[in-house]
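Here the structure comes first, spelled out in structure tokens, and everything after it is commentary.
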Amino acid sequence: MMSDATPGLHTLAVHAGLAPDPATGALQTPIYQTTSFVFKDADHAARLFNLEEVGYIYSRLTNPTVSALQTRLAALEGGAGAVATSSGHAAQLLALFPLLEPGLNFVVSNKLYGGSANQFSQAFKRFGWEARFVDFEQPGAIEAALDDKSRAIFCESLANPGGVVTDLKAVAKIAEAHRIPLVVDNTLATPVLCRPIEHGATIVVHSTTKFITGNGTTIGGIVVDSGKFDWAGSGKFPALSEPSPSYHGLTFHPTLGAMAYTFYGIAIGLRDLGVSLSPQNAFLTMLGSETLPLRVAKHSSNALAVAEWLEKRPEVEWVSYAGLESSPYRARSEEYLKGSGGSVFTFGLKGGYEAGKKFVNSLKLFSLVANLGDSRSLVAHPASTTHRQMTPEARAAAGAGDEVIRLSIGLEDVADVFADLEQALKAATA
Ligand SMILES: *Cc1c(COP(=O)(O)O)cnc(C)c1O
């Protein structure tokens, strides 16, 4: 077990949340593959249901393998508590569910993972939750979009498809002035490069599908709460600060203190939305998370080497990687990402649509997939795949112009990555 001094990330990644099995002494967290847990008696069951005692009831709500993962990821992000979910999209739903109601809105950066843009603008609209997309680089744009019905600000720390670093401290200041939480998707940066709570974020979400699991096996998500937001004091969040009609009149905040939002996410969010992570998937993500700091260091150094290499190639028009000296986000990468640009980024290939297609078809080491953050290097040509339905103008505006190639750099020997890129660049522009 750990001492009282705050351990480093490498230590937390292998120790936090680990709870040797009391029955057998098994050191590695077991997969508690069970739907339900036996109560000691009727009174014990009643105490659990009243949240008077914390324990296991039913795996839609809580499960020891899932709890272990929640504890680990809360520790890695420096949060008070965490709720694991069945996917990254489920994490976004669960994160906003306590905050929004029909007729309310949230202000969101337009530099966003495409799937999140869809979820917010289409599905959430049908819940009556309005997502107001603005350019977070425009001074005053966030302020202008906020009004008395705004309940959150949402952005990515390192924005997908890469290269853009958000000024988290500036955005957090605006959220604080309006007494609403800042929710940060930290999927691309990971807590190894950035811990948004230290820069003023209230809530951090992840698609653990990506770097946290890290090997392309498991869809999952996490919602980490800082435990610092004054829900009751804000007066804007009745779900958290007024007696809950669906929970025996319990007032989550301030009754449950720093754990109010997390308990709400489990007791109401998972109970009613059912977006729970399975114990098997929690186990796989626990295993992956053990090597997160080691992997992110290698992903990042490989990615910097590839970005610098690409920048010098005659076939390449531009490279958008925040770790490059030439990047307009270089200073922010120092401030927020330990000088790194992560390992997912885009570059522009000369020769447009046809060259882009030829390039991705010619790569051998890279896999052409709709994913990122795998141990293997991955490539995408958005114009011929995910953004194909759009007009060329709309594609360009979304950062998915014909010439744009997105890379997610893996853990291979970087010389092998260069060799593959070189032959594909030659094939594409021959
Ligand atoms: C993949 C991704 C998501 C969605 O996560 P899923 O696990 O696929 O549901 C959200 N945000 C970012 C930045 C992502 O890369």
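By order in the structure tokens, chains are A, B, ...; within a chain, residues start at 1; ligands start at 1, following the order shown.
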Could you list, as a PDB file with N, CA, C and O atoms, in the first residue's frame, all the residues within 6 Å of ligand 1, counting only C-alpha atoms and all ligand atoms?
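part_37.pdb was written with the following content:
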ATOM      1  N   SER A  87     -18.672   3.823 -22.599  1.00  0.00           N
ATOM      2  CA  SER A  87     -17.921   4.401 -23.728  1.00  0.00           C
ATOM      3  C   SER A  87     -17.576   5.846 -23.390  1.00  0.00           C
ATOM      4  O   SER A  87     -18.091   6.405 -22.406  1.00  0.00           O
ATOM      5  N   GLY A  88     -16.763   6.451 -24.231  1.00  0.00           N
ATOM      6  CA  GLY A  88     -16.459   7.872 -24.062  1.00  0.00           C
ATOM      7  C   GLY A  88     -17.703   8.724 -24.270  1.00  0.00           C
ATOM      8  O   GLY A  88     -17.924   9.710 -23.562  1.00  0.00           O
ATOM      9  N   HIS A  89     -18.519   8.350 -25.239  1.00  0.00           N
ATOM     10  CA  HIS A  89     -19.763   9.096 -25.460  1.00  0.00           C
ATOM     11  C   HIS A  89     -20.706   8.972 -24.268  1.00  0.00           C
ATOM     12  O   HIS A  89     -21.383   9.936 -23.903  1.00  0.00           O
ATOM     13  N   TYR A 113     -13.790  16.467 -31.345  1.00  0.00           N
ATOM     14  CA  TYR A 113     -13.931  15.150 -31.964  1.00  0.00           C
ATOM     15  C   TYR A 113     -15.264  15.109 -32.730  1.00  0.00           C
ATOM     16  O   TYR A 113     -16.302  15.535 -32.191  1.00  0.00           O
ATOM     17  N   SER A 116     -18.334  13.693 -31.070  1.00  0.00           N
ATOM     18  CA  SER A 116     -18.882  14.523 -29.996  1.00  0.00           C
ATOM     19  C   SER A 116     -19.714  15.657 -30.585  1.00  0.00           C
ATOM     20  O   SER A 116     -20.770  16.008 -30.050  1.00  0.00           O
ATOM     21  N   ASN A 160      -8.863  17.147 -30.772  1.00  0.00           N
ATOM     22  CA  ASN A 160      -8.911  16.226 -31.886  1.00  0.00           C
ATOM     23  C   ASN A 160      -9.308  17.027 -33.126  1.00  0.00           C
ATOM     24  O   ASN A 160     -10.231  17.823 -33.040  1.00  0.00           O
ATOM     25  N   THR A 187      -8.979  13.167 -23.406  1.00  0.00           N
ATOM     26  CA  THR A 187      -8.640  11.899 -24.074  1.00  0.00           C
ATOM     27  C   THR A 187      -7.289  11.946 -24.785  1.00  0.00           C
ATOM     28  O   THR A 187      -6.479  11.035 -24.647  1.00  0.00           O
ATOM     29  N   LEU A 188      -7.046  12.995 -25.565  1.00  0.00           N
ATOM     30  CA  LEU A 188      -5.820  13.025 -26.373  1.00  0.00           C
ATOM     31  C   LEU A 188      -4.582  13.369 -25.546  1.00  0.00           C
ATOM     32  O   LEU A 188      -3.491  12.916 -25.850  1.00  0.00           O
ATOM     33  N   SER A 207     -12.486   9.219 -23.211  1.00  0.00           N
ATOM     34  CA  SER A 207     -12.746   7.954 -23.868  1.00  0.00           C
ATOM     35  C   SER A 207     -11.570   7.061 -23.466  1.00  0.00           C
ATOM     36  O   SER A 207     -10.463   7.215 -23.977  1.00  0.00           O
ATOM     37  N   THR A 209     -11.270   4.153 -24.167  1.00  0.00           N
ATOM     38  CA  THR A 209     -11.050   3.359 -25.379  1.00  0.00           C
ATOM     39  C   THR A 209      -9.667   3.625 -25.980  1.00  0.00           C
ATOM     40  O   THR A 209      -9.070   2.739 -26.591  1.00  0.00           O
ATOM     41  N   ILE A 219     -13.897  -0.642 -25.466  1.00  0.00           N
ATOM     42  CA  ILE A 219     -14.623   0.636 -25.466  1.00  0.00           C
ATOM     43  C   ILE A 219     -14.990   0.979 -24.022  1.00  0.00           C
ATOM     44  O   ILE A 219     -15.502   0.129 -23.289  1.00  0.00           O
ATOM     45  N   GLY A 220     -14.714   2.218 -23.610  1.00  0.00           N
ATOM     46  CA  GLY A 220     -15.068   2.629 -22.253  1.00  0.00           C
ATOM     47  C   GLY A 220     -14.871   4.120 -22.054  1.00  0.00           C
ATOM     48  O   GLY A 220     -14.295   4.815 -22.901  1.00  0.00           O
ATOM     49  N   GLY A 221     -15.366   4.623 -20.928  1.00  0.00           N
ATOM     50  CA  GLY A 221     -15.219   6.046 -20.616  1.00  0.00           C
ATOM     51  C   GLY A 221     -15.159   6.272 -19.120  1.00  0.00           C
ATOM     52  O   GLY A 221     -15.412   5.353 -18.323  1.00  0.00           O
TER      53      GLY A 221
END
_Could you pull out the alpha helix (DSSP H) residues of segment 174-321 of chain A, going by DSSP on the backbone, and write them as a PyMOL selection string?_
chain A and resi 174-177+190-193+231-234+238-241+252-255+260-264+271-273+279-289+292-311
*Going by DSSP on the backbone, which bits of segment 333-417 of chain A are strand (DSSP E)? Write them as a ChimeraX atom specification, please.*
/A:344-349,367-368,378-380,404-408
*Considering only C-alpha atoms, return as number ranges by chain whatever protein or nucleic-acid residues lie within 6 Å of segment 106-110 of chain A, sequence-local ones (same chain, fewer than 5 positions apart) excluded.*
A: 131-136, 150-155
Could you write out the selected residues, including N, CA and C atoms, as a short mmCIF file (atom, residue, chain, number, x, y, z; two decimals), in the first residue's frame?
data_model
loop_
_atom_site.label_atom_id
_atom_site.label_comp_id
_atom_site.auth_asym_id
_atom_site.auth_seq_id
_atom_site.Cartn_x
_atom_site.Cartn_y
_atom_site.Cartn_z
N ALA A 131 -26.40 22.83 -27.50
CA ALA A 131 -24.94 23.01 -27.54
C ALA A 131 -24.64 24.25 -28.38
N ARG A 132 -23.95 25.23 -27.79
CA ARG A 132 -23.60 26.44 -28.53
C ARG A 132 -22.13 26.37 -28.90
N PHE A 133 -21.86 26.11 -30.18
CA PHE A 133 -20.49 25.94 -30.66
C PHE A 133 -19.86 27.29 -30.95
N VAL A 134 -18.72 27.56 -30.33
CA VAL A 134 -18.00 28.79 -30.64
C VAL A 134 -16.50 28.51 -30.75
N ASP A 135 -15.80 29.47 -31.38
CA ASP A 135 -14.36 29.37 -31.53
C ASP A 135 -13.71 29.89 -30.25
N PHE A 136 -13.11 28.97 -29.48
CA PHE A 136 -12.53 29.35 -28.19
C PHE A 136 -11.29 30.24 -28.34
N SER A 150 -27.13 29.02 -19.33
CA SER A 150 -25.94 28.20 -19.59
C SER A 150 -25.56 27.44 -18.33
N ARG A 151 -25.22 26.17 -18.48
CA ARG A 151 -24.91 25.36 -17.30
C ARG A 151 -23.55 24.67 -17.35
N ALA A 152 -22.81 24.82 -18.45
CA ALA A 152 -21.46 24.23 -18.51
C ALA A 152 -20.71 24.81 -19.69
N ILE A 153 -19.38 24.73 -19.59
CA ILE A 153 -18.50 25.00 -20.74
C ILE A 153 -17.76 23.69 -21.00
N PHE A 154 -17.66 23.31 -22.27
CA PHE A 154 -17.06 22.02 -22.63
C PHE A 154 -15.99 22.24 -23.69
N CYS A 155 -14.81 21.64 -23.48
CA CYS A 155 -13.77 21.67 -24.51
C CYS A 155 -12.84 20.49 -24.34
#
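Nearest residue to Glu176 of chain A among A:His248, A:His253, A:Lys228, A:Arg60 is A:Lys228, counting only C-alpha atoms.
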Do a neighbour search on Leu368 of chain A at 7 Å with only C-alpha atoms, toss out local chain neighbours closer than 3 positions, and write the hits as a short mmCIF file (atom, residue, chain, number, x, y, z; two decimals) with C-alpha atoms, in the first residue's frame.
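Saved file part13.cif follows:
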data_model
loop_
_atom_site.label_atom_id
_atom_site.label_comp_id
_atom_site.auth_asym_id
_atom_site.auth_seq_id
_atom_site.Cartn_x
_atom_site.Cartn_y
_atom_site.Cartn_z
CA VAL A 360 -3.25 5.77 -46.98
CA LEU A 378 -2.93 4.41 -37.20
CA VAL A 379 -3.87 6.62 -40.12
CA ALA A 380 -7.06 8.27 -41.35
#
*Quote the spacing between atom CA of Pro20 of chain A and atom CA of Leu76 of chain A in Å to one decimal place.*
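We find that atom CA of Pro20 of chain A and atom CA of Leu76 of chain A lie 19.5 Å from each other.
Distance annotation: of A:Pro22, A:Glu156, A:Arg271, A:Ser278, the residue with the minimal separation from Val66 of chain A is A:Ser278; atom set is only C-alpha atoms.
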*Could you check which of A:His10, A:Lys210, A:Lys149, A:His381 is closest to Leu99 of chain A, using only C-alpha atoms?*
A:Lys149
*Quick one: residues within 9 Å of segment 390-401 of chain A, only C-alpha atoms counted, chain neighbours fewer than 2 positions away excluded, as a PyMOL selection string?*
chain A and resi 110-111+114+161+348+352-353+381-383+386-388+403-405
Could you save the residues just selected, with N, CA, C and O atoms, as a tab-separated table (two decimals), in the first residue's frame?
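Result file is out28.tsv:
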chain	number	residue	atom	x	y	z
A	110	ASN	N	-15.66	24.66	-30.88
A	110	ASN	CA	-15.92	24.04	-32.20
A	110	ASN	C	-14.76	23.16	-32.65
A	110	ASN	O	-14.85	22.50	-33.68
A	111	LYS	N	-13.67	23.14	-31.87
A	111	LYS	CA	-12.57	22.20	-32.19
A	111	LYS	C	-12.81	20.94	-31.35
A	111	LYS	O	-12.42	20.87	-30.18
A	114	GLY	N	-15.24	14.62	-33.97
A	114	GLY	CA	-16.43	14.65	-34.82
A	114	GLY	C	-17.63	13.96	-34.19
A	114	GLY	O	-18.77	14.43	-34.28
A	161	PRO	N	-8.71	16.89	-34.31
A	161	PRO	CA	-7.74	15.86	-34.66
A	161	PRO	C	-6.30	16.20	-34.32
A	161	PRO	O	-5.40	15.55	-34.85
A	348	GLY	N	-0.74	18.16	-43.98
A	348	GLY	CA	-1.30	18.36	-45.32
A	348	GLY	C	-0.38	17.80	-46.37
A	348	GLY	O	0.82	18.07	-46.39
A	352	GLY	N	-3.70	16.79	-52.99
A	352	GLY	CA	-5.15	16.73	-52.72
A	352	GLY	C	-5.72	15.34	-52.50
A	352	GLY	O	-5.03	14.43	-52.02
A	353	TYR	N	-6.98	15.20	-52.89
A	353	TYR	CA	-7.79	14.03	-52.59
A	353	TYR	C	-7.17	12.71	-53.09
A	353	TYR	O	-7.04	11.75	-52.35
A	381	HIS	N	-7.77	9.23	-43.46
A	381	HIS	CA	-7.92	10.29	-44.45
A	381	HIS	C	-9.37	10.73	-44.37
A	381	HIS	O	-10.24	10.17	-45.03
A	382	PRO	N	-9.64	11.74	-43.51
A	382	PRO	CA	-11.03	12.12	-43.24
A	382	PRO	C	-11.85	12.40	-44.50
A	382	PRO	O	-13.02	12.03	-44.58
A	383	ALA	N	-11.24	13.05	-45.51
A	383	ALA	CA	-12.01	13.45	-46.70
A	383	ALA	C	-12.62	12.26	-47.44
A	383	ALA	O	-13.71	12.37	-48.00
A	386	THR	N	-14.58	9.55	-42.94
A	386	THR	CA	-15.53	10.11	-41.97
A	386	THR	C	-16.23	11.38	-42.44
A	386	THR	O	-17.34	11.67	-42.02
A	387	HIS	N	-15.59	12.17	-43.30
A	387	HIS	CA	-16.17	13.45	-43.71
A	387	HIS	C	-16.59	13.43	-45.18
A	387	HIS	O	-16.74	14.47	-45.81
A	388	ARG	N	-16.80	12.23	-45.73
A	388	ARG	CA	-17.05	12.07	-47.14
A	388	ARG	C	-18.36	12.70	-47.61
A	388	ARG	O	-18.47	13.15	-48.75
A	403	GLU	N	-6.59	17.46	-48.45
A	403	GLU	CA	-5.15	17.19	-48.28
A	403	GLU	C	-4.81	16.70	-46.87
A	403	GLU	O	-3.68	16.34	-46.59
A	404	VAL	N	-5.81	16.68	-45.96
A	404	VAL	CA	-5.51	16.43	-44.54
A	404	VAL	C	-5.38	14.93	-44.25
A	404	VAL	O	-6.27	14.14	-44.57
A	405	ILE	N	-4.27	14.57	-43.63
A	405	ILE	CA	-4.04	13.19	-43.17
A	405	ILE	C	-3.91	13.23	-41.65
A	405	ILE	O	-3.19	14.07	-41.11
*Could you tell me how far atom CA of Ala175 of chain A lies from atom CA of Val204 of chain A, in Å and to one decimal?*
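Going from atom CA of Ala175 of chain A over to atom CA of Val204 of chain A covers 14.3 Å.
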*Which neighbours of segment 283-291 of chain A fall inside 8 Å, counting only C-alpha atoms, when residues of the same chain fewer than 5 positions from it are skipped, and could you give them as an MDAnalysis selection string?*
chainID A and resid 10 13:14 29:31 65:66 68:69 208 212:215 217:218
Atoms kept (C-alpha atoms) for selection, written as a compact mmCIF listing (two decimals), in the first residue's frame:
# COMPACT_ATOMS: atom_id res chain seq x y z
CA HIS A 10 4.04 5.89 -12.49
CA ALA A 13 -0.76 3.88 -12.43
CA VAL A 14 0.23 0.53 -10.92
CA THR A 29 -7.81 -6.96 -9.13
CA PRO A 30 -10.17 -9.89 -9.87
CA ILE A 31 -12.92 -9.67 -12.47
CA THR A 65 -13.61 -4.29 -10.52
CA VAL A 66 -15.25 -1.15 -11.86
CA ALA A 68 -11.00 -0.20 -8.63
CA LEU A 69 -10.74 1.44 -12.04
CA THR A 208 -10.71 5.24 -22.07
CA ILE A 212 -5.87 4.80 -21.08
CA THR A 213 -6.56 1.23 -22.19
CA GLY A 214 -4.04 1.77 -24.95
CA ASN A 215 -4.19 -1.40 -26.96
CA THR A 217 -9.31 -3.83 -27.10
CA THR A 218 -11.97 -2.06 -25.07
_With distances taken over only C-alpha atoms, which residue among A:Tyr32, A:Phe211, A:Phe229, A:Phe97 lies nearest Ala297 of chain A?_
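Of A:Tyr32, A:Phe211, A:Phe229, A:Phe97, the one nearest Ala297 of chain A is A:Phe211, counting only C-alpha atoms.
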*Leaving out Leu365 of chain A and any residue of its chain fewer than 4 positions from it, which residues lie within 9 Å of it when counting only C-alpha atoms, given as a PyMOL selection string?*
chain A and resi 376-378+416-417+420-421
